[in-house]
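Below: the structure, in structure tokens.
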Amino acid sequence: MNTLEKVETEVRPQFQKNVAYIQEYLYGRGADIGCGSCPLLRPLCDIYGDQSEQPIALEAIKNSLKRKDELNIERVRPKFIISDGLHCLNGEDLFDFIFSSHMLEDLPTIDDMILYLNVWSVSLAKEGRIVLLMPDIEGGRYPKAGEPGSNPSHQIDIGPKLFQEKILPELTTLKLIQIDTIPHTSETFDVVLQRRN
């Protein structure tokens with residue numbers, strides 16, 4: 001069981017190293033979908049969503065709001081939504097970025113990944129971005145679904161090649177900006193997509 005201390009000392013340092021490679025795309029009004037216990041805090045998002053209550057995430061967000069002056073954070077009033085990732089956004093509110101870390105690989109099929117990304121694209125403002133961090137299971141940097149040491153929630157053996165060959169061609173409203181820039185010493189790869197205008 002994670003605690004706020006464990007997340008802040010063990011999970012967040014590696015998370016922040018990975019975020020550094022996509023940080024330049026995280027500006028404006030944002031949403032963090034599938035935030036789990038380690039939400040994006042720099043910048044704070046307008047909406048955080050997960051399929052269950054995340055008390056550790058809420059505590060981290062609350063602590064960041066208390067330190068907003070210290071962190072030079074503009075006034076944001078985050079909202080936490082309990083919902084699957086498909087229904088966190090209503091398509092009426094528009095976001096400059098939608099961020100998701102280690103969530104899409106938990107979906108049952110590649111078609112579900114495509115569906116989620118296409119649904120999220122409807123909630124992007126002009127030139128808005130979808131910014132993803134995912135485990136490189138396909139490339140062997142993380143165990144395959146069902147193998148010893150794998151995350152039991154992982155369903156799809158995702159990786160940069162699979163993303164470009166099977167998913168990207170189905171995202172007609174999005175264009176690829178960057179992929180797989182995080183050094184392979186990390187188990188994570190990145191994807192940045194931008195709304196086509």
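Identifiers in this document derive from the order of the structure tokens: chains are assigned A, B, ..., residues are numbered from 1 separately in each chain, and ligands are numbered from 1 in order of occurrence.
The environment of A:Lys62 within 12 Å, counting only C-alpha atoms and disregarding residues fewer than 3 places along the same chain, consists of Leu4, Pro39, Leu41, Leu44, Pro55, Ile56, Ala57, Leu58, Glu59, Leu65, Lys66, Arg67, Lys68, Val76, Arg77, Pro78, Lys79 and Phe80 of chain A.
Among the candidates A:Ile158, A:Cys88, A:Val119, A:Phe15, the residue lying nearest to A:Ala145 is A:Ile158 (atoms considered: only C-alpha atoms).
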- Task: Identify, on the basis of only C-alpha atoms, every residue whose closest approach to A:Tyr21 does not exceed 9 Å; exclude the query and any residue fewer than 2 positions from it along the same chain; express the result as number ranges by chain.
- Result: A: 17-19, 23-24, 181-182, 190
Any chance you could export the current selection's N, CA and C atoms as a PDB file, in the first residue's frame?
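Done, and the output landed in part30.pdb:
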```
ATOM      1  N   LYS A  17      11.705  12.793 -13.363  1.00  0.00           N
ATOM      2  CA  LYS A  17      12.751  12.635 -14.383  1.00  0.00           C
ATOM      3  C   LYS A  17      12.122  12.414 -15.755  1.00  0.00           C
ATOM      4  N   ASN A  18      11.070  11.590 -15.808  1.00  0.00           N
ATOM      5  CA  ASN A  18      10.386  11.331 -17.071  1.00  0.00           C
ATOM      6  C   ASN A  18       9.620  12.559 -17.562  1.00  0.00           C
ATOM      7  N   VAL A  19       8.973  13.249 -16.639  1.00  0.00           N
ATOM      8  CA  VAL A  19       8.201  14.449 -16.995  1.00  0.00           C
ATOM      9  C   VAL A  19       9.116  15.519 -17.597  1.00  0.00           C
ATOM     10  N   GLN A  23       8.021  18.242 -20.371  1.00  0.00           N
ATOM     11  CA  GLN A  23       7.621  19.423 -19.606  1.00  0.00           C
ATOM     12  C   GLN A  23       7.250  20.620 -20.496  1.00  0.00           C
ATOM     13  N   GLU A  24       7.967  20.809 -21.589  1.00  0.00           N
ATOM     14  CA  GLU A  24       7.722  21.978 -22.448  1.00  0.00           C
ATOM     15  C   GLU A  24       6.323  21.974 -23.055  1.00  0.00           C
ATOM     16  N   THR A 181      11.610   9.892 -26.398  1.00  0.00           N
ATOM     17  CA  THR A 181      12.796  10.725 -26.148  1.00  0.00           C
ATOM     18  C   THR A 181      13.417  10.470 -24.784  1.00  0.00           C
ATOM     19  N   ILE A 182      12.723   9.759 -23.916  1.00  0.00           N
ATOM     20  CA  ILE A 182      13.253   9.448 -22.589  1.00  0.00           C
ATOM     21  C   ILE A 182      14.354   8.390 -22.741  1.00  0.00           C
ATOM     22  N   ASP A 190       7.728   8.181 -23.937  1.00  0.00           N
ATOM     23  CA  ASP A 190       6.824   9.328 -24.016  1.00  0.00           C
ATOM     24  C   ASP A 190       6.220   9.441 -25.406  1.00  0.00           C
TER      25      ASP A 190
END
```
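For the choices A:Tyr142, A:Tyr116, A:Tyr48, A:Phe99, the atom-to-atom distance to A:Gly159 is smallest for A:Tyr142 when using only C-alpha atoms.
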- Message: Please identify the strand (DSSP E) residues within stretch 41-185 of chain A (assignment by DSSP from backbone atoms) and present them as an NGL selection string.
- Response: :A and (47-50 or 79-82 or 95-101 or 124-135 or 174-179)
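Counting only C-alpha atoms, A:Gly140 has the following residues at most 12 Å away, ignoring those fewer than 6 positions along the same chain: Glu147, Ser150, Asp157, Ile158, Gly159, Pro160, His184, Thr185, Ser186, Glu187, Thr188 and Phe189 of chain A.
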- Task: Identify, on the basis of only C-alpha atoms, every residue whose closest approach to A:Leu26 does not exceed 10 Å; exclude the query and any residue fewer than 5 positions from it along the same chain; express the result as JSON, numbers by chain.
- Result: {"A": [19, 31, 40, 42, 43, 44, 45, 96, 97, 98, 99, 128, 129, 130, 131]}
- Message: Can you tell me which residues surround stretch 161-175 of chain A at a distance of at most 12 Å, considering only C-alpha atoms, apart from same-chain residues fewer than 6 positions away, and format the answer as number ranges by chain?
- Response: A: 104-105, 109-124, 126-132, 134-139, 189-197
Please produce a file of those selected residues containing C-alpha atoms, as a short mmCIF file (atom, residue, chain, number, x, y, z; two decimals), in the first residue's frame.
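Writing done, so here's selection.cif:
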```
data_model
loop_
_atom_site.label_atom_id
_atom_site.label_comp_id
_atom_site.auth_asym_id
_atom_site.auth_seq_id
_atom_site.Cartn_x
_atom_site.Cartn_y
_atom_site.Cartn_z
CA LEU A 104 -3.62 3.47 -21.27
CA GLU A 105 -1.81 0.10 -21.09
CA THR A 109 -7.53 -3.65 -26.24
CA ILE A 110 -5.65 -1.43 -28.68
CA ASP A 111 -9.04 -0.36 -30.05
CA ASP A 112 -9.87 0.97 -26.57
CA MET A 113 -6.63 2.99 -26.55
CA ILE A 114 -7.57 4.47 -29.92
CA LEU A 115 -11.08 5.26 -28.69
CA TYR A 116 -9.80 7.03 -25.55
CA LEU A 117 -7.30 9.15 -27.49
CA ASN A 118 -9.90 10.13 -30.08
CA VAL A 119 -12.43 11.02 -27.37
CA TRP A 120 -9.82 13.08 -25.49
CA SER A 121 -8.92 14.95 -28.69
CA VAL A 122 -12.44 16.46 -28.70
CA SER A 123 -11.56 18.27 -25.45
CA LEU A 124 -8.39 19.88 -26.81
CA LYS A 126 -6.64 24.81 -30.74
CA GLU A 127 -3.11 23.38 -30.91
CA GLY A 128 -3.83 21.42 -27.71
CA ARG A 129 -1.65 18.45 -26.81
CA ILE A 130 -2.10 14.94 -25.46
CA VAL A 131 1.02 14.05 -23.47
CA LEU A 132 1.54 10.40 -22.54
CA MET A 134 3.76 4.66 -20.84
CA PRO A 135 5.87 1.62 -19.95
CA ASP A 136 7.93 0.26 -22.84
CA ILE A 137 6.69 -3.31 -22.49
CA GLU A 138 7.17 -4.06 -26.19
CA GLY A 139 10.84 -2.98 -26.01
CA PHE A 189 8.55 6.08 -23.11
CA ASP A 190 6.82 9.33 -24.02
CA VAL A 191 4.37 10.36 -26.69
CA VAL A 192 3.26 13.92 -27.51
CA LEU A 193 0.35 14.40 -29.88
CA GLN A 194 -1.09 17.71 -31.06
CA ARG A 195 -4.54 18.54 -32.35
CA ARG A 196 -4.64 19.09 -36.10
CA ASN A 197 -6.23 22.44 -36.92
#
```
